[in-house]
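**Student:** Dumping the structure here so I can ask a few things about it.
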Amino acid sequence: MDYHHNARQTIVGREELAKCVVEGRLSLNSAAAEFKLSRQSASKWVRRYREGGVAGLHDRSSRPHRSPRCVLSELVERVERLRGERWTGVRIAQATGISRATVSRILTRLKLNKAKMLEPKIPIVRYEHAAPGDLLHIDIKKLARIVKPGHGITGNPQDETRGAGWEFLYVAIDDHSRIAFTAMMLDEKAVSAASFLSQAVAYFARLGITIRRVMTDNGPCFISDRFRDTCRKWVIKHIRTRIYTPRTNGKAERFIQTAIREWAYARLYQNSAERTAQLNPWTHQYNWHRPHASLNQRPPISRARSDLDVNNLLRHDS
């Protein structure tokens with residue numbers, strides 16, 4: 001059983017206290033002082049021990065034995081049914097005769113108080129392409145430019161910097177191996193997106209991986225003619241996610257979360273140049289050394305092409 005973190009006694013301590021009093025070794029007042037409890041608390045545990053033995057010393061629910069003003073279960077079921085028909089709390093209260101506050105408490109308890117909670121949960125569909133290069137996930141994360149250490153790191157609200165501008169982290173994740181390629185760009189325009197794709201293709205080619213498909217969201221830079229022409233240049237099929245469904249590109253989204261936590265906000269950077277200088281070393285650690293849960297705690301490079309000598313550090317691990 002879980003005890004309150006400030007609990008004076010556990011079951012063992014309560015039993016010892018009660019036995020001291022019942023067996024006459026200590027008076028009630030002396031036992032209370034010995035075990036650092038009030039006389040009332042000590043008396044309670046002694047009484048429960050006499051009535052039920054050790055079993056009587058367990059914590060009991062604080063719920064009252066009777067709740068005469070409690071809403072009947074039939075009314076709760078009706079509230080739930082009406083809410084499932086997209087009725088508002090006010091309308092439900094008027095139809096059932098229950099106060100609006102009570103309806104609100106019922107809906108909160110049923111976790112139906114917000115409109116989004118009424119929508120059916122979309123099942124999670126996990127997929128993985130069969131070979132490296134079958135699909136490359138590309139996404140962009142906007143990061144605030146660092147002029148000086150901000151209040152998020154220093155803890156001082158006066159260190160907040162406004163108007164410093166933005167930088168853009170471009171990420172590319174191979175669907176099968178989870179090998180990542182990253183680069184910082186000045187904007188999220190078509191020229192930068194097309195340039196990043198070419199850099200990513202070249203990076204994966206050095207690992208013996210040929211990119212055959214690329215998946216992006218529907219951002220302007222990805223639906224541009226320049227990005228389309230770059231895909232054609234490298235003979236890559238371009239796939240776009242459905243609108244408002246970022247989970248479709250989930251591997252890139254998940255990698256961005258990891259990068260933010262372990263690189264962008266992991267340490268104190270004096271300026272953006274210092275942060276950018278740490279990007280390639282961190283990405284290298286991610287690809288070559290960081291255990292990946294979905295790869296049975298192996299690094300992504302372990303899933304590169306079979307003839308790549310992952311132990312040849314002089315050639316590849318640099």
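Residue numbering restarts at 1 for every chain of the structure tokens, chains are lettered A, B, ... in their displayed order, and ligands are numbered from 1 as they appear.
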From a DSSP pass on the backbone, collect the residues of segment 50-192 of chain A flagged as strand (DSSP E or B) and hand them back as JSON, numbers by chain.
**Tutor:** {"A": [136, 137, 138, 139, 140, 141, 142, 143, 144, 166, 167, 168, 169, 170, 171, 172, 173, 174, 180, 181, 182, 183, 184, 185]}
**Student:** Based on the backbone DSSP call, show me all residues of segment 64-128 of chain A assigned alpha helix (DSSP H), as number ranges by chain.
**Tutor:** A: 73-84, 89-96, 100-109
**Student:** Go ahead and dump the residues you just picked, C-alpha atoms, as a PDB file, in the first residue's frame.
**Tutor:**
```pdb
ATOM      1  CA  SER A  73     -26.378   6.683 -11.055  1.00  0.00           C
ATOM      2  CA  GLU A  74     -29.348   6.803 -13.462  1.00  0.00           C
ATOM      3  CA  LEU A  75     -28.968  10.576 -13.764  1.00  0.00           C
ATOM      4  CA  VAL A  76     -25.210  10.250 -14.292  1.00  0.00           C
ATOM      5  CA  GLU A  77     -25.822   7.758 -17.098  1.00  0.00           C
ATOM      6  CA  ARG A  78     -28.346  10.155 -18.656  1.00  0.00           C
ATOM      7  CA  VAL A  79     -25.874  13.030 -18.477  1.00  0.00           C
ATOM      8  CA  GLU A  80     -23.258  10.855 -20.144  1.00  0.00           C
ATOM      9  CA  ARG A  81     -25.656   9.794 -22.890  1.00  0.00           C
ATOM     10  CA  LEU A  82     -26.770  13.365 -23.633  1.00  0.00           C
ATOM     11  CA  ARG A  83     -23.183  14.556 -23.671  1.00  0.00           C
ATOM     12  CA  GLY A  84     -22.420  11.821 -26.198  1.00  0.00           C
ATOM     13  CA  GLY A  89     -23.624  21.436 -20.168  1.00  0.00           C
ATOM     14  CA  VAL A  90     -26.292  24.151 -19.944  1.00  0.00           C
ATOM     15  CA  ARG A  91     -28.706  22.186 -22.114  1.00  0.00           C
ATOM     16  CA  ILE A  92     -28.094  19.006 -20.098  1.00  0.00           C
ATOM     17  CA  ALA A  93     -28.755  20.886 -16.855  1.00  0.00           C
ATOM     18  CA  GLN A  94     -32.040  22.258 -18.193  1.00  0.00           C
ATOM     19  CA  ALA A  95     -33.183  18.839 -19.435  1.00  0.00           C
ATOM     20  CA  THR A  96     -32.257  16.888 -16.291  1.00  0.00           C
ATOM     21  CA  ARG A 100     -25.018  23.483 -14.046  1.00  0.00           C
ATOM     22  CA  ALA A 101     -22.237  23.146 -11.458  1.00  0.00           C
ATOM     23  CA  THR A 102     -23.182  19.530 -10.772  1.00  0.00           C
ATOM     24  CA  VAL A 103     -23.347  18.730 -14.478  1.00  0.00           C
ATOM     25  CA  SER A 104     -19.885  20.275 -14.871  1.00  0.00           C
ATOM     26  CA  ARG A 105     -18.503  18.098 -12.054  1.00  0.00           C
ATOM     27  CA  ILE A 106     -20.074  14.971 -13.567  1.00  0.00           C
ATOM     28  CA  LEU A 107     -18.644  15.704 -17.019  1.00  0.00           C
ATOM     29  CA  THR A 108     -15.221  16.406 -15.521  1.00  0.00           C
ATOM     30  CA  ARG A 109     -15.299  13.121 -13.623  1.00  0.00           C
TER      31      ARG A 109
END
```
**Student:** Considering only C-alpha atoms, return as a list of chain:residue names whatever protein or nucleic-acid residues lie within 12 Å of Ala277 of chain A, sequence-local ones (same chain, fewer than 4 positions apart) excluded.
**Tutor:**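 The residues satisfying every condition are A:Ala183, A:Met184, A:Trp263, A:Ala264, A:Tyr269, A:Gln270, A:Asn271, A:Ser272, A:Ala273, A:Pro281, A:Trp282, A:Thr283.
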**Student:** With the cut-off set at 12 Å and counting only C-alpha atoms, tabulate each residue of segment 61-158 of chain A with an atom at most that distance from an atom of segment 285-301 of chain A, showing the nearest atom pair and its distance in Å to one decimal, ordered by chain and increasing number, as CSV.
**Tutor:**
```
residue,atom,partner,partner_atom,distance
A:Arg126,CA,A:Ser294,CA,11.3
A:Tyr127,CA,A:Ser294,CA,11.7
A:Glu128,CA,A:Ser294,CA,10.6
A:Pro132,CA,A:Ile301,CA,10.5
```
**Student:** Select, from A:Asp225, A:Glu15, A:Asp187, A:Glu119, the residue with the minimum atom-to-atom distance to Lys44 of chain A, counting only C-alpha atoms.
**Tutor:**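 The shortest atom-to-atom distance to Lys44 of chain A comes from A:Glu15.
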**Student:** So that I can see what lies close to Gly250 of chain A, please list as a PyMOL selection string the residues with an atom at most 12 Å from it, counting only C-alpha atoms and leaving out residues fewer than 5 positions away in the same chain.
**Tutor:** chain A and resi 124-128+136-139+172-175+178+215-217+241+245+255-257
**Student:** Atom CA of Gly133 of chain A to atom CA of Phe227 of chain A: how many Å, to one decimal?
**Tutor:** 18.3 Å
**Student:** Determine, counting only C-alpha atoms, which protein, DNA and RNA residues have an atom within 7 Å of an atom of segment 191-198 of chain A; residues of the same chain fewer than 3 positions away are not included. Present the result as a PyMOL selection string.
**Tutor:** chain A and resi 185+187-188+201-202+221-222+226-227+230
**Student:** Which is closer to Asn218 of chain A than all the others in A:Asn29, A:Asn249, A:Ser99, A:Asn280, using only C-alpha atoms?
**Tutor:**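 Between A:Asn29, A:Asn249, A:Ser99, A:Asn280, the residue approaching Asn218 of chain A most closely is A:Asn249.
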**Student:** Please, what distance in Å, to one decimal, runs between atom CA of Ala266 of chain A and atom CA of Leu186 of chain A?
**Tutor:**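 Going from atom CA of Ala266 of chain A over to atom CA of Leu186 of chain A covers 21.9 Å.
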**Student:** Can you work out which one of A:Arg213, A:His58, A:Lys148, A:Arg69 has the shortest atom-to-atom distance to Ile236 of chain A, counting only C-alpha atoms?
**Tutor:**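 With only C-alpha atoms as the atom set, the closest residue is A:Arg213.
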**Student:** Considering only C-alpha atoms, can you say which of A:Arg86, A:Arg63, A:Arg303, A:Arg48 comes closest to Lys116 of chain A?
**Tutor:**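 Result for the nearest residue to Lys116 of chain A: A:Arg86.
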**Student:** Could you list, as a PyMOL selection string, every residue within 12 Å of Cys20 of chain A, counting only C-alpha atoms and ignoring same-chain residues fewer than 5 positions away?
**Tutor:** chain A and resi 13-15+25-32+34-35+42-43+45-46+49
**Student:** For N, CA and C atoms, I'd like the residues from the last selection saved as a tab-separated table (two decimals), in the first residue's frame.
**Tutor:**
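Output contents, as saved in result-v2.tsv:
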```tsv
chain	number	residue	atom	x	y	z
A	13	GLY	N	4.85	-0.01	12.41
A	13	GLY	CA	4.94	0.93	13.52
A	13	GLY	C	3.64	1.01	14.31
A	14	ARG	N	2.51	0.97	13.60
A	14	ARG	CA	1.21	1.02	14.27
A	14	ARG	C	1.01	-0.22	15.15
A	15	GLU	N	1.41	-1.37	14.61
A	15	GLU	CA	1.26	-2.61	15.37
A	15	GLU	C	2.13	-2.58	16.63
A	25	ARG	N	3.05	-2.49	28.40
A	25	ARG	CA	4.45	-2.05	28.52
A	25	ARG	C	4.55	-0.54	28.59
A	26	LEU	N	3.61	0.17	27.99
A	26	LEU	CA	3.59	1.63	28.02
A	26	LEU	C	2.16	2.10	28.20
A	27	SER	N	2.01	3.24	28.84
A	27	SER	CA	0.69	3.86	28.90
A	27	SER	C	0.40	4.52	27.55
A	28	LEU	N	-0.84	4.89	27.37
A	28	LEU	CA	-1.22	5.52	26.10
A	28	LEU	C	-0.45	6.81	25.88
A	29	ASN	N	-0.33	7.64	26.91
A	29	ASN	CA	0.40	8.90	26.77
A	29	ASN	C	1.88	8.65	26.49
A	30	SER	N	2.46	7.67	27.17
A	30	SER	CA	3.89	7.38	26.96
A	30	SER	C	4.12	6.82	25.56
A	31	ALA	N	3.21	5.95	25.10
A	31	ALA	CA	3.36	5.39	23.76
A	31	ALA	C	3.25	6.47	22.70
A	32	ALA	N	2.30	7.41	22.89
A	32	ALA	CA	2.15	8.52	21.94
A	32	ALA	C	3.43	9.34	21.87
A	34	GLU	N	6.47	8.29	22.71
A	34	GLU	CA	7.54	7.44	22.18
A	34	GLU	C	7.51	7.37	20.66
A	35	PHE	N	6.31	7.28	20.09
A	35	PHE	CA	6.18	7.13	18.64
A	35	PHE	C	5.89	8.46	17.94
A	42	ALA	N	-2.71	7.95	18.62
A	42	ALA	CA	-2.29	6.72	19.28
A	42	ALA	C	-3.50	5.93	19.76
A	43	SER	N	-4.48	6.64	20.33
A	43	SER	CA	-5.69	5.98	20.79
A	43	SER	C	-6.44	5.31	19.64
A	45	TRP	N	-5.21	4.02	16.83
A	45	TRP	CA	-4.56	2.78	16.39
A	45	TRP	C	-4.70	1.67	17.44
A	46	VAL	N	-4.69	2.01	18.70
A	46	VAL	CA	-4.89	1.01	19.75
A	46	VAL	C	-6.31	0.45	19.66
A	49	TYR	N	-6.65	-1.81	16.65
A	49	TYR	CA	-5.94	-3.08	16.85
A	49	TYR	C	-6.77	-4.02	17.74
```
**Student:** Between atom CA of Lys189 of chain A and atom CA of His176 of chain A, what is the distance, to one decimal in Å?
**Tutor:**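 Pair atom CA of Lys189 of chain A / atom CA of His176 of chain A returns 27.7 Å.
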**Student:** I'd like the contact shell of segment 140-146 of chain A - 7 Å cut-off, only C-alpha atoms, skipping same-chain residues fewer than 2 positions apart - returned as an MDAnalysis selection string.
**Tutor:** chainID A and resid 148:149 164:171 271:272
**Student:** Filtering to N, CA and C atoms, could you give me those residues as a PDB file, in the first residue's frame?
**Tutor:**
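Result file is part_33.pdb:
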```pdb
ATOM      1  N   LYS A 148      21.844  36.130 -26.076  1.00  0.00           N
ATOM      2  CA  LYS A 148      22.453  35.925 -24.760  1.00  0.00           C
ATOM      3  C   LYS A 148      21.651  34.826 -24.074  1.00  0.00           C
ATOM      4  N   PRO A 149      22.181  34.224 -23.025  1.00  0.00           N
ATOM      5  CA  PRO A 149      21.423  33.185 -22.311  1.00  0.00           C
ATOM      6  C   PRO A 149      20.067  33.718 -21.853  1.00  0.00           C
ATOM      7  N   ALA A 164      14.963  38.950 -31.446  1.00  0.00           N
ATOM      8  CA  ALA A 164      16.252  38.454 -31.927  1.00  0.00           C
ATOM      9  C   ALA A 164      16.126  37.714 -33.247  1.00  0.00           C
ATOM     10  N   GLY A 165      14.911  37.302 -33.590  1.00  0.00           N
ATOM     11  CA  GLY A 165      14.723  36.587 -34.854  1.00  0.00           C
ATOM     12  C   GLY A 165      14.716  35.076 -34.649  1.00  0.00           C
ATOM     13  N   TRP A 166      14.724  34.363 -35.780  1.00  0.00           N
ATOM     14  CA  TRP A 166      14.568  32.914 -35.732  1.00  0.00           C
ATOM     15  C   TRP A 166      15.620  32.220 -36.588  1.00  0.00           C
ATOM     16  N   GLU A 167      15.891  30.993 -36.221  1.00  0.00           N
ATOM     17  CA  GLU A 167      16.688  30.087 -37.039  1.00  0.00           C
ATOM     18  C   GLU A 167      15.853  28.838 -37.265  1.00  0.00           C
ATOM     19  N   PHE A 168      16.222  28.045 -38.263  1.00  0.00           N
ATOM     20  CA  PHE A 168      15.380  26.922 -38.640  1.00  0.00           C
ATOM     21  C   PHE A 168      16.204  25.642 -38.692  1.00  0.00           C
ATOM     22  N   LEU A 169      15.786  24.688 -37.857  1.00  0.00           N
ATOM     23  CA  LEU A 169      16.424  23.376 -37.821  1.00  0.00           C
ATOM     24  C   LEU A 169      15.716  22.461 -38.810  1.00  0.00           C
ATOM     25  N   TYR A 170      16.436  22.019 -39.815  1.00  0.00           N
ATOM     26  CA  TYR A 170      15.917  21.053 -40.787  1.00  0.00           C
ATOM     27  C   TYR A 170      16.384  19.666 -40.367  1.00  0.00           C
ATOM     28  N   VAL A 171      15.461  18.717 -40.366  1.00  0.00           N
ATOM     29  CA  VAL A 171      15.807  17.345 -39.983  1.00  0.00           C
ATOM     30  C   VAL A 171      15.322  16.384 -41.065  1.00  0.00           C
ATOM     31  N   ASN A 271      25.428  32.058 -27.439  1.00  0.00           N
ATOM     32  CA  ASN A 271      24.879  32.623 -28.671  1.00  0.00           C
ATOM     33  C   ASN A 271      24.485  31.496 -29.610  1.00  0.00           C
ATOM     34  N   SER A 272      23.850  31.848 -30.710  1.00  0.00           N
ATOM     35  CA  SER A 272      23.369  30.844 -31.658  1.00  0.00           C
ATOM     36  C   SER A 272      24.509  30.092 -32.332  1.00  0.00           C
TER      37      SER A 272
END
```
